[in-house]
$ cat final.pdb   # PDB, C-alpha atoms, pLDDT in the B column
ATOM      1  CA  MET A 626       0.000   0.000   0.000  1.00 44.00           C
ATOM      2  CA  ASN A 627       2.825   2.425   0.808  1.00 50.00           C
ATOM      3  CA  GLN A 628       4.304   2.116  -2.703  1.00 56.00           C
ATOM      4  CA  GLU A 629       0.848   2.379  -4.252  1.00 89.00           C
ATOM      5  CA  ILE A 630      -0.047   5.583  -2.418  1.00 95.00           C
ATOM      6  CA  ALA A 631       3.407   7.036  -3.096  1.00 97.00           C
ATOM      7  CA  GLN A 632       2.508   7.136  -6.794  1.00 97.00           C
ATOM      8  CA  TYR A 633      -0.387   9.468  -6.011  1.00 98.00           C
ATOM      9  CA  ILE A 634       1.889  12.034  -4.389  1.00 98.00           C
ATOM     10  CA  ASP A 635       3.413  15.230  -5.745  1.00 98.00           C
ATOM     11  CA  HIS A 636       6.106  15.863  -3.115  1.00 98.00           C
ATOM     12  CA  THR A 637       5.690  19.596  -2.714  1.00 98.00           C
ATOM     13  CA  LEU A 638       7.829  22.504  -1.532  1.00 98.00           C
ATOM     14  CA  LEU A 639       6.500  25.941  -2.467  1.00 98.00           C
ATOM     15  CA  ASN A 640       7.690  27.832   0.586  1.00 97.00           C
ATOM     16  CA  PRO A 641       9.043  31.227  -0.534  1.00 97.00           C
ATOM     17  CA  SER A 642      12.068  30.808   1.741  1.00 98.00           C
ATOM     18  CA  ALA A 643      13.095  27.401   0.360  1.00 98.00           C
ATOM     19  CA  THR A 644      16.794  27.082  -0.447  1.00 98.00           C
ATOM     20  CA  ARG A 645      18.637  24.956  -2.985  1.00 98.00           C
ATOM     21  CA  ALA A 646      19.627  22.627  -0.164  1.00 98.00           C
ATOM     22  CA  ASP A 647      15.954  22.205   0.712  1.00 98.00           C
ATOM     23  CA  ILE A 648      15.167  21.383  -2.916  1.00 98.00           C
ATOM     24  CA  SER A 649      17.983  18.827  -3.074  1.00 98.00           C
ATOM     25  CA  ARG A 650      16.510  17.170   0.011  1.00 98.00           C
ATOM     26  CA  LEU A 651      13.073  17.172  -1.620  1.00 98.00           C
ATOM     27  CA  CYS A 652      14.442  15.453  -4.724  1.00 98.00           C
ATOM     28  CA  ALA A 653      16.320  12.868  -2.689  1.00 98.00           C
ATOM     29  CA  GLU A 654      13.196  12.086  -0.667  1.00 98.00           C
ATOM     30  CA  ALA A 655      11.093  11.775  -3.815  1.00 98.00           C
ATOM     31  CA  GLN A 656      13.491   9.171  -5.190  1.00 98.00           C
ATOM     32  CA  GLN A 657      13.820   7.326  -1.889  1.00 97.00           C
ATOM     33  CA  TRP A 658      10.079   7.034  -1.266  1.00 97.00           C
ATOM     34  CA  GLY A 659       8.953   6.605  -4.852  1.00 97.00           C
ATOM     35  CA  PHE A 660       6.774   9.689  -5.212  1.00 98.00           C
ATOM     36  CA  PHE A 661       5.246  10.462  -8.594  1.00 98.00           C
ATOM     37  CA  ALA A 662       6.585  14.015  -8.839  1.00 98.00           C
ATOM     38  CA  VAL A 663       8.126  16.955  -7.076  1.00 98.00           C
ATOM     39  CA  CYS A 664       6.308  20.284  -7.272  1.00 98.00           C
ATOM     40  CA  VAL A 665       8.438  23.400  -6.902  1.00 98.00           C
ATOM     41  CA  ASN A 666       8.516  27.076  -7.779  1.00 98.00           C
ATOM     42  CA  PRO A 667       9.832  27.911 -11.293  1.00 98.00           C
ATOM     43  CA  HIS A 668      13.169  29.113  -9.896  1.00 98.00           C
ATOM     44  CA  PHE A 669      14.055  25.513  -9.045  1.00 98.00           C
ATOM     45  CA  VAL A 670      12.916  23.658 -12.172  1.00 98.00           C
ATOM     46  CA  ARG A 671      16.363  23.304 -13.724  1.00 98.00           C
ATOM     47  CA  GLN A 672      17.846  22.067 -10.456  1.00 98.00           C
ATOM     48  CA  CYS A 673      15.148  19.418 -10.079  1.00 98.00           C
ATOM     49  CA  VAL A 674      15.452  18.294 -13.691  1.00 98.00           C
ATOM     50  CA  LYS A 675      19.184  17.799 -13.214  1.00 98.00           C
ATOM     51  CA  GLU A 676      18.933  16.032  -9.854  1.00 98.00           C
ATOM     52  CA  LEU A 677      16.107  13.737 -10.980  1.00 98.00           C
ATOM     53  CA  ALA A 678      17.473  12.990 -14.465  1.00 98.00           C
ATOM     54  CA  SER A 679      18.227   9.340 -13.671  1.00 96.00           C
ATOM     55  CA  SER A 680      14.943   8.717 -11.838  1.00 98.00           C
ATOM     56  CA  LYS A 681      11.290   8.177 -12.743  1.00 97.00           C
ATOM     57  CA  VAL A 682      10.197  11.193 -10.668  1.00 98.00           C
ATOM     58  CA  SER A 683       8.499  13.911 -12.719  1.00 98.00           C
ATOM     59  CA  VAL A 684       9.124  17.641 -12.252  1.00 98.00           C
ATOM     60  CA  ALA A 685       6.084  19.895 -11.814  1.00 98.00           C
ATOM     61  CA  THR A 686       6.042  23.638 -11.352  1.00 98.00           C
ATOM     62  CA  VAL A 687       3.444  26.326 -10.686  1.00 98.00           C
ATOM     63  CA  ILE A 688       2.107  29.021 -13.013  1.00 98.00           C
ATOM     64  CA  GLY A 689       0.481  32.281 -11.886  1.00 98.00           C
ATOM     65  CA  PHE A 690       1.057  31.131  -8.322  1.00 98.00           C
ATOM     66  CA  PRO A 691      -0.421  31.683  -5.803  1.00 98.00           C
ATOM     67  CA  LEU A 692      -2.963  34.401  -6.698  1.00 98.00           C
ATOM     68  CA  GLY A 693      -3.794  33.553 -10.305  1.00 98.00           C
ATOM     69  CA  ALA A 694      -4.078  37.259 -11.076  1.00 98.00           C
ATOM     70  CA  ASN A 695      -1.261  37.578 -13.617  1.00 97.00           C
ATOM     71  CA  LEU A 696      -2.233  38.629 -17.127  1.00 98.00           C
ATOM     72  CA  MET A 697      -2.868  35.791 -19.545  1.00 98.00           C
ATOM     73  CA  ASP A 698       0.180  36.484 -21.715  1.00 98.00           C
ATOM     74  CA  ILE A 699       2.398  36.436 -18.629  1.00 98.00           C
ATOM     75  CA  LYS A 700       1.036  33.011 -17.654  1.00 98.00           C
ATOM     76  CA  ILE A 701       1.624  31.766 -21.191  1.00 98.00           C
ATOM     77  CA  ALA A 702       5.223  33.059 -21.165  1.00 98.00           C
ATOM     78  CA  GLU A 703       5.789  31.545 -17.736  1.00 98.00           C
ATOM     79  CA  SER A 704       4.494  28.194 -18.984  1.00 98.00           C
ATOM     80  CA  GLN A 705       6.702  28.290 -22.082  1.00 98.00           C
ATOM     81  CA  ARG A 706       9.763  29.096 -20.000  1.00 98.00           C
ATOM     82  CA  ALA A 707       9.033  26.326 -17.495  1.00 98.00           C
ATOM     83  CA  ILE A 708       8.650  23.763 -20.270  1.00 98.00           C
ATOM     84  CA  SER A 709      11.846  24.940 -21.965  1.00 98.00           C
ATOM     85  CA  GLU A 710      13.690  24.372 -18.693  1.00 98.00           C
ATOM     86  CA  GLY A 711      12.395  20.816 -18.402  1.00 98.00           C
ATOM     87  CA  ALA A 712       9.179  20.958 -16.395  1.00 98.00           C
ATOM     88  CA  GLU A 713       6.939  18.019 -17.282  1.00 98.00           C
ATOM     89  CA  GLU A 714       3.772  19.193 -15.510  1.00 98.00           C
ATOM     90  CA  LEU A 715       2.265  22.634 -14.908  1.00 98.00           C
ATOM     91  CA  ASP A 716      -0.003  23.543 -11.982  1.00 98.00           C
ATOM     92  CA  MET A 717      -1.662  26.811 -13.034  1.00 98.00           C
ATOM     93  CA  VAL A 718      -3.931  29.025 -10.926  1.00 98.00           C
ATOM     94  CA  ILE A 719      -7.079  30.316 -12.624  1.00 98.00           C
ATOM     95  CA  ASN A 720      -7.996  33.976 -12.609  1.00 98.00           C
ATOM     96  CA  ILE A 721     -10.238  33.805  -9.543  1.00 98.00           C
ATOM     97  CA  SER A 722     -11.508  37.367  -9.936  1.00 98.00           C
ATOM     98  CA  ALA A 723     -12.620  36.660 -13.505  1.00 98.00           C
ATOM     99  CA  LEU A 724     -14.474  33.564 -12.333  1.00 98.00           C
ATOM    100  CA  LYS A 725     -16.268  35.519  -9.619  1.00 98.00           C
ATOM    101  CA  ASP A 726     -17.210  38.147 -12.207  1.00 98.00           C
ATOM    102  CA  GLN A 727     -18.700  35.279 -14.237  1.00 98.00           C
ATOM    103  CA  GLU A 728     -16.285  35.890 -17.091  1.00 98.00           C
ATOM    104  CA  LEU A 729     -16.371  32.193 -17.905  1.00 98.00           C
ATOM    105  CA  ASP A 730     -15.284  32.592 -21.533  1.00 98.00           C
ATOM    106  CA  PHE A 731     -12.132  34.358 -20.336  1.00 98.00           C
ATOM    107  CA  VAL A 732     -11.436  31.722 -17.672  1.00 98.00           C
ATOM    108  CA  THR A 733     -11.890  28.929 -20.211  1.00 98.00           C
ATOM    109  CA  GLU A 734      -9.748  30.635 -22.855  1.00 98.00           C
ATOM    110  CA  GLU A 735      -6.918  31.246 -20.401  1.00 98.00           C
ATOM    111  CA  ILE A 736      -6.832  27.570 -19.457  1.00 98.00           C
ATOM    112  CA  ARG A 737      -7.118  26.530 -23.108  1.00 98.00           C
ATOM    113  CA  SER A 738      -4.190  28.802 -24.029  1.00 98.00           C
ATOM    114  CA  ILE A 739      -1.946  27.143 -21.451  1.00 98.00           C
ATOM    115  CA  VAL A 740      -3.067  23.672 -22.519  1.00 98.00           C
ATOM    116  CA  LYS A 741      -2.385  24.521 -26.165  1.00 98.00           C
ATOM    117  CA  ILE A 742       1.187  25.689 -25.685  1.00 96.00           C
ATOM    118  CA  SER A 743       1.871  22.870 -23.213  1.00 96.00           C
ATOM    119  CA  ARG A 744       1.073  20.214 -25.835  1.00 91.00           C
ATOM    120  CA  ASP A 745       1.880  16.836 -24.263  1.00 92.00           C
ATOM    121  CA  HIS A 746       2.714  18.307 -20.840  1.00 98.00           C
ATOM    122  CA  LEU A 747       0.065  17.741 -18.175  1.00 98.00           C
ATOM    123  CA  VAL A 748      -1.779  20.896 -17.074  1.00 98.00           C
ATOM    124  CA  LYS A 749      -3.382  20.856 -13.619  1.00 98.00           C
ATOM    125  CA  VAL A 750      -5.702  23.783 -13.006  1.00 98.00           C
ATOM    126  CA  ILE A 751      -5.905  25.152  -9.471  1.00 98.00           C
ATOM    127  CA  ILE A 752      -9.411  26.506  -8.882  1.00 98.00           C
ATOM    128  CA  GLU A 753      -8.823  27.502  -5.206  1.00 98.00           C
ATOM    129  CA  CYS A 754     -11.913  25.931  -3.623  1.00 98.00           C
ATOM    130  CA  ASP A 755     -11.466  27.826  -0.345  1.00 98.00           C
ATOM    131  CA  LEU A 756     -12.425  31.060  -2.123  1.00 98.00           C
ATOM    132  CA  LEU A 757     -15.378  29.701  -4.111  1.00 98.00           C
ATOM    133  CA  THR A 758     -19.037  28.892  -3.600  1.00 98.00           C
ATOM    134  CA  ASP A 759     -20.197  25.451  -4.709  1.00 98.00           C
ATOM    135  CA  GLU A 760     -21.700  27.029  -7.820  1.00 98.00           C
ATOM    136  CA  GLU A 761     -18.364  28.643  -8.649  1.00 98.00           C
ATOM    137  CA  LYS A 762     -16.540  25.345  -8.077  1.00 98.00           C
ATOM    138  CA  VAL A 763     -18.857  23.710 -10.584  1.00 98.00           C
ATOM    139  CA  ALA A 764     -18.362  26.536 -13.098  1.00 98.00           C
ATOM    140  CA  ALA A 765     -14.573  26.383 -12.715  1.00 98.00           C
ATOM    141  CA  THR A 766     -14.534  22.608 -13.103  1.00 98.00           C
ATOM    142  CA  GLU A 767     -16.668  22.814 -16.232  1.00 98.00           C
ATOM    143  CA  ALA A 768     -14.279  25.408 -17.654  1.00 98.00           C
ATOM    144  CA  CYS A 769     -11.355  23.052 -17.023  1.00 98.00           C
ATOM    145  CA  ALA A 770     -13.108  20.238 -18.862  1.00 98.00           C
ATOM    146  CA  ARG A 771     -14.060  22.474 -21.821  1.00 98.00           C
ATOM    147  CA  ALA A 772     -10.499  23.772 -22.106  1.00 98.00           C
ATOM    148  CA  GLY A 773      -8.909  20.313 -22.163  1.00 98.00           C
ATOM    149  CA  ALA A 774      -7.104  20.469 -18.808  1.00 98.00           C
ATOM    150  CA  GLY A 775      -5.518  17.286 -17.552  1.00 98.00           C
ATOM    151  CA  MET A 776      -6.540  17.756 -13.931  1.00 98.00           C
ATOM    152  CA  VAL A 777      -8.623  19.971 -11.682  1.00 98.00           C
ATOM    153  CA  LYS A 778      -6.705  20.872  -8.529  1.00 98.00           C
ATOM    154  CA  THR A 779      -8.425  22.029  -5.352  1.00 98.00           C
ATOM    155  CA  SER A 780      -6.058  24.497  -3.702  1.00 98.00           C
ATOM    156  CA  THR A 781      -2.799  26.393  -3.565  1.00 98.00           C
ATOM    157  CA  GLY A 782      -2.444  25.982   0.195  1.00 97.00           C
ATOM    158  CA  PHE A 783      -1.884  29.734   0.501  1.00 97.00           C
ATOM    159  CA  VAL A 784      -5.388  30.813   1.580  1.00 97.00           C
ATOM    160  CA  LYS A 785      -5.265  32.055   5.167  1.00 94.00           C
ATOM    161  CA  ASP A 786      -7.317  29.780   7.439  1.00 94.00           C
ATOM    162  CA  GLY A 787      -8.305  27.721   4.408  1.00 96.00           C
ATOM    163  CA  LYS A 788      -9.516  24.134   4.723  1.00 96.00           C
ATOM    164  CA  GLY A 789      -7.529  22.904   1.755  1.00 96.00           C
ATOM    165  CA  ALA A 790      -8.639  19.678   0.126  1.00 98.00           C
ATOM    166  CA  THR A 791     -11.889  18.180   1.421  1.00 98.00           C
ATOM    167  CA  VAL A 792     -13.797  15.025   0.587  1.00 98.00           C
ATOM    168  CA  GLU A 793     -16.839  17.187  -0.139  1.00 98.00           C
ATOM    169  CA  ASP A 794     -14.999  19.221  -2.771  1.00 98.00           C
ATOM    170  CA  ILE A 795     -13.462  16.143  -4.401  1.00 98.00           C
ATOM    171  CA  THR A 796     -16.911  14.563  -4.572  1.00 98.00           C
ATOM    172  CA  LEU A 797     -18.415  17.709  -6.129  1.00 98.00           C
ATOM    173  CA  ILE A 798     -15.634  17.997  -8.700  1.00 98.00           C
ATOM    174  CA  LYS A 799     -15.940  14.318  -9.610  1.00 98.00           C
ATOM    175  CA  GLN A 800     -19.711  14.596 -10.030  1.00 98.00           C
ATOM    176  CA  THR A 801     -19.291  17.699 -12.179  1.00 98.00           C
ATOM    177  CA  LEU A 802     -16.714  16.038 -14.439  1.00 98.00           C
ATOM    178  CA  GLY A 803     -18.926  13.017 -14.999  1.00 97.00           C
ATOM    179  CA  SER A 804     -17.442  10.907 -17.783  1.00 95.00           C
ATOM    180  CA  ALA A 805     -14.863  13.536 -18.788  1.00 96.00           C
ATOM    181  CA  ARG A 806     -11.325  12.180 -18.797  1.00 96.00           C
ATOM    182  CA  VAL A 807      -9.969  14.751 -16.377  1.00 98.00           C
ATOM    183  CA  GLY A 808      -8.066  13.851 -13.218  1.00 98.00           C
ATOM    184  CA  ILE A 809      -8.477  15.438  -9.800  1.00 98.00           C
ATOM    185  CA  LYS A 810      -5.601  16.654  -7.651  1.00 98.00           C
ATOM    186  CA  ALA A 811      -6.370  17.155  -3.978  1.00 98.00           C
ATOM    187  CA  SER A 812      -3.963  19.654  -2.464  1.00 98.00           C
ATOM    188  CA  ALA A 813      -3.369  21.459   0.849  1.00 98.00           C
ATOM    189  CA  GLY A 814      -4.000  20.230   4.370  1.00 97.00           C
ATOM    190  CA  ILE A 815      -3.231  16.573   3.600  1.00 98.00           C
ATOM    191  CA  ARG A 816      -1.033  15.581   6.504  1.00 97.00           C
ATOM    192  CA  ASP A 817      -1.833  11.954   7.352  1.00 97.00           C
ATOM    193  CA  TYR A 818      -2.718   8.625   5.772  1.00 97.00           C
ATOM    194  CA  ALA A 819      -6.343   8.650   6.899  1.00 97.00           C
ATOM    195  CA  LYS A 820      -7.090  11.877   5.043  1.00 98.00           C
ATOM    196  CA  ALA A 821      -5.082  10.860   2.002  1.00 98.00           C
ATOM    197  CA  LYS A 822      -6.982   7.572   1.796  1.00 97.00           C
ATOM    198  CA  ALA A 823     -10.352   9.323   2.174  1.00 98.00           C
ATOM    199  CA  LEU A 824      -9.536  11.769  -0.621  1.00 98.00           C
ATOM    200  CA  ILE A 825      -8.441   8.986  -2.966  1.00 97.00           C
ATOM    201  CA  GLU A 826     -11.595   7.008  -2.199  1.00 97.00           C
ATOM    202  CA  ALA A 827     -13.638  10.146  -2.994  1.00 98.00           C
ATOM    203  CA  GLY A 828     -12.029  10.396  -6.433  1.00 98.00           C
ATOM    204  CA  ALA A 829      -8.651  12.125  -6.159  1.00 98.00           C
ATOM    205  CA  THR A 830      -6.141  10.806  -8.677  1.00 98.00           C
ATOM    206  CA  ARG A 831      -3.206  12.828  -7.348  1.00 98.00           C
ATOM    207  CA  LEU A 832      -2.282  14.360  -3.985  1.00 98.00           C
ATOM    208  CA  GLY A 833      -0.248  17.528  -3.492  1.00 98.00           C
ATOM    209  CA  THR A 834       1.386  17.491  -0.087  1.00 98.00           C
ATOM    210  CA  SER A 835       4.556  18.230   1.841  1.00 98.00           C
ATOM    211  CA  ALA A 836       3.716  15.386   4.253  1.00 98.00           C
ATOM    212  CA  GLY A 837       4.204  12.511   1.832  1.00 97.00           C
ATOM    213  CA  ILE A 838       6.669  10.673   4.045  1.00 97.00           C
ATOM    214  CA  ALA A 839       4.317  10.814   7.036  1.00 97.00           C
ATOM    215  CA  ILE A 840       1.481   9.562   4.834  1.00 97.00           C
ATOM    216  CA  ILE A 841       3.488   6.552   3.677  1.00 96.00           C
ATOM    217  CA  GLN A 842       4.619   5.798   7.214  1.00 95.00           C
ATOM    218  CA  GLY A 843       0.969   5.936   8.268  1.00 94.00           C
ATOM    219  CA  ALA A 844       0.088   3.443   5.530  1.00 92.00           C
ATOM    220  CA  GLN A 845       2.879   1.172   6.736  1.00 90.00           C
ATOM    221  CA  ALA A 846       1.596   1.375  10.315  1.00 89.00           C
ATOM    222  CA  VAL A 847      -1.922   0.413   9.217  1.00 86.00           C
ATOM    223  CA  ARG A 848      -0.568  -2.494   7.215  1.00 80.00           C
ATOM    224  CA  SER A 849       1.555  -3.695  10.149  1.00 82.00           C
ATOM    225  CA  ALA A 850      -1.501  -3.682  12.405  1.00 75.00           C
ATOM    226  CA  TYR A 851      -3.165  -6.402  10.342  1.00 71.00           C
TER     227      TYR A 851
END
$ encode --input "final.pdb" --output "structure tokens"
Amino acid sequence: MNQEIAQYIDHTLLNPSATRADISRLCAEAQQWGFFAVCVNPHFVRQCVKELASSKVSVATVIGFPLGANLMDIKIAESQRAISEGAEELDMVINISALKDQELDFVTEEIRSIVKISRDHLVKVIIECDLLTDEEKVAATEACARAGAGMVKTSTGFVKDGKGATVEDITLIKQTLGSARVGIKASAGIRDYAKAKALIEAGATRLGTSAGIAIIQGAQAVRSAY
């Protein structure tokens, strides 16, 4: 079970004070524990690509993070640069203000523009559930599906007093997607195996967390108890 759940995890370090030594540690841990990917700020993409070159661990980075309020052309340029430096996956933040203003064509077009230039690179779209009503979550998820996103992602983890990923939000997103071939990334506030397991059972296909090691150790403890 520990190896199985490890493949759900994007081992994440987006702290603004992270150092290159911290990133090296992140990469080493990702290889040791068999995580699917590391997720880092764009500044560290090249370092991660180099340190993970001989491994199966993917390199993901964030776009328009954490507010999502950058202009569309800036997000496109940021995505192009990240891909040119070796990023394999992009976690982009939607324009939350545009969504709340019901500018759904704009929201959809922005996502579609990133998907288009990303080509075969996976685009995960952060809709920031903590700031949305259920109706807005549905609208954002539908925009992701229309635009061809690879995954809908719940959270940045940067909302003050936010709940982060919840079973309720994963369930709502899954219901909204229906038969669409779009994954779901649960992110923020996932600190133990019990929550990780509940989110996966609700429909999450990827987990963004900085507590991946604790989650695997929790899975091992459960397995040892039987």
$ closest_residue --input "final.pdb" --among "A:Ala839, A:Ile742, A:Ala768, A:Ile795" --to "Ile825 (chain A)" --atoms "only C-alpha atoms"
A:Ile795
$ atom_distance --input "final.pdb" --atom1 "CA of Thr781 (chain A)" --atom2 "CA of Gly843 (chain A)"
23.9 Å
$ closest_residue --input "final.pdb" --among "A:His668, A:Val663, A:Ser812, A:Gly693" --to "Lys681 (chain A)" --atoms "only C-alpha atoms"
A:Val663
$ axis_aligned_box --input "final.pdb" --around "region 823-830 of chain A" --padding-each-side "3 Å" --output "AutoDock Vina command-line options"
--center_x -9.9 --center_y 9.6 --center_z -3.3 --size_x 13.5 --size_y 11.1 --size_z 16.9
$ closest_residue --input "final.pdb" --among "A:Gly814, A:Gly808, A:Pro691, A:Gly775" --to "Lys788 (chain A)" --atoms "only C-alpha atoms"
A:Gly814
$ atom_distance --input "final.pdb" --atom1 "CA of Asn666 (chain A)" --atom2 "CA of Glu761 (chain A)"
26.9 Å
$ atom_distance --input "final.pdb" --atom1 "CA of Met697 (chain A)" --atom2 "CA of Ala829 (chain A)"
27.8 Å
$ closest_residue --input "final.pdb" --among "A:Gly833, A:Gly711, A:Gly782, A:Gly689" --to "Cys664 (chain A)" --atoms "all atoms listed in the file"
A:Gly833
$ resolve_selection --input "final.pdb" --expression "the PyMOL selection byres ((chain A and resi 773) around 10)" --output "VMD selection string"
chain A and resid 733 736 to 741 748 768 to 772 774 to 776 805 to 807
$ resolve_selection --input "final.pdb" --expression "the PyMOL selection byres ((chain A and resi 683) around 8)" --output "list in words"
Phe661, Ala662, Val663, Leu677, Lys681, Val682, Val684, Ala685, Ala712, Glu713 and Glu714 of chain A
$ resolve_selection --input "final.pdb" --expression "the PyMOL selection byres ((chain A and resi 652) around 12)" --output "PyMOL selection string"
chain A and resi 635-638+645-651+653-665+669-670+672-685
$ closest_residue --input "final.pdb" --among "A:Asp817, A:Glu735, A:Asp716, A:Glu793" --to "Ile751 (chain A)" --atoms "only C-alpha atoms"
A:Asp716
$ residues_around --input "final.pdb" --residues "Leu824 (chain A)" --least-positions-apart "3" --cutoff "10 Å" --atoms "only C-alpha atoms" --output "list in words"
Ala790, Thr791, Val792, Glu793, Asp794, Ile795, Thr796, Ile809, Lys810, Ala811, Ser812, Ile815, Tyr818, Ala819, Lys820, Ala821, Ala827, Gly828, Ala829, Thr830, Arg831 and Leu832 of chain A
$ closest_residue --input "final.pdb" --among "A:Gln632, A:Ser849, A:Thr834, A:Gln800" --to "Ser780 (chain A)" --atoms "all atoms listed in the file"
A:Thr834
$ residues_around --input "final.pdb" --residues "Ile752 (chain A)" --least-positions-apart "3" --cutoff "8 Å" --atoms "all atoms listed in the file" --output "list in words"
Val718, Ile719, Ile721, Lys762, Ala765, Thr766, Val777, Lys778, Thr779 and Ser780 of chain A
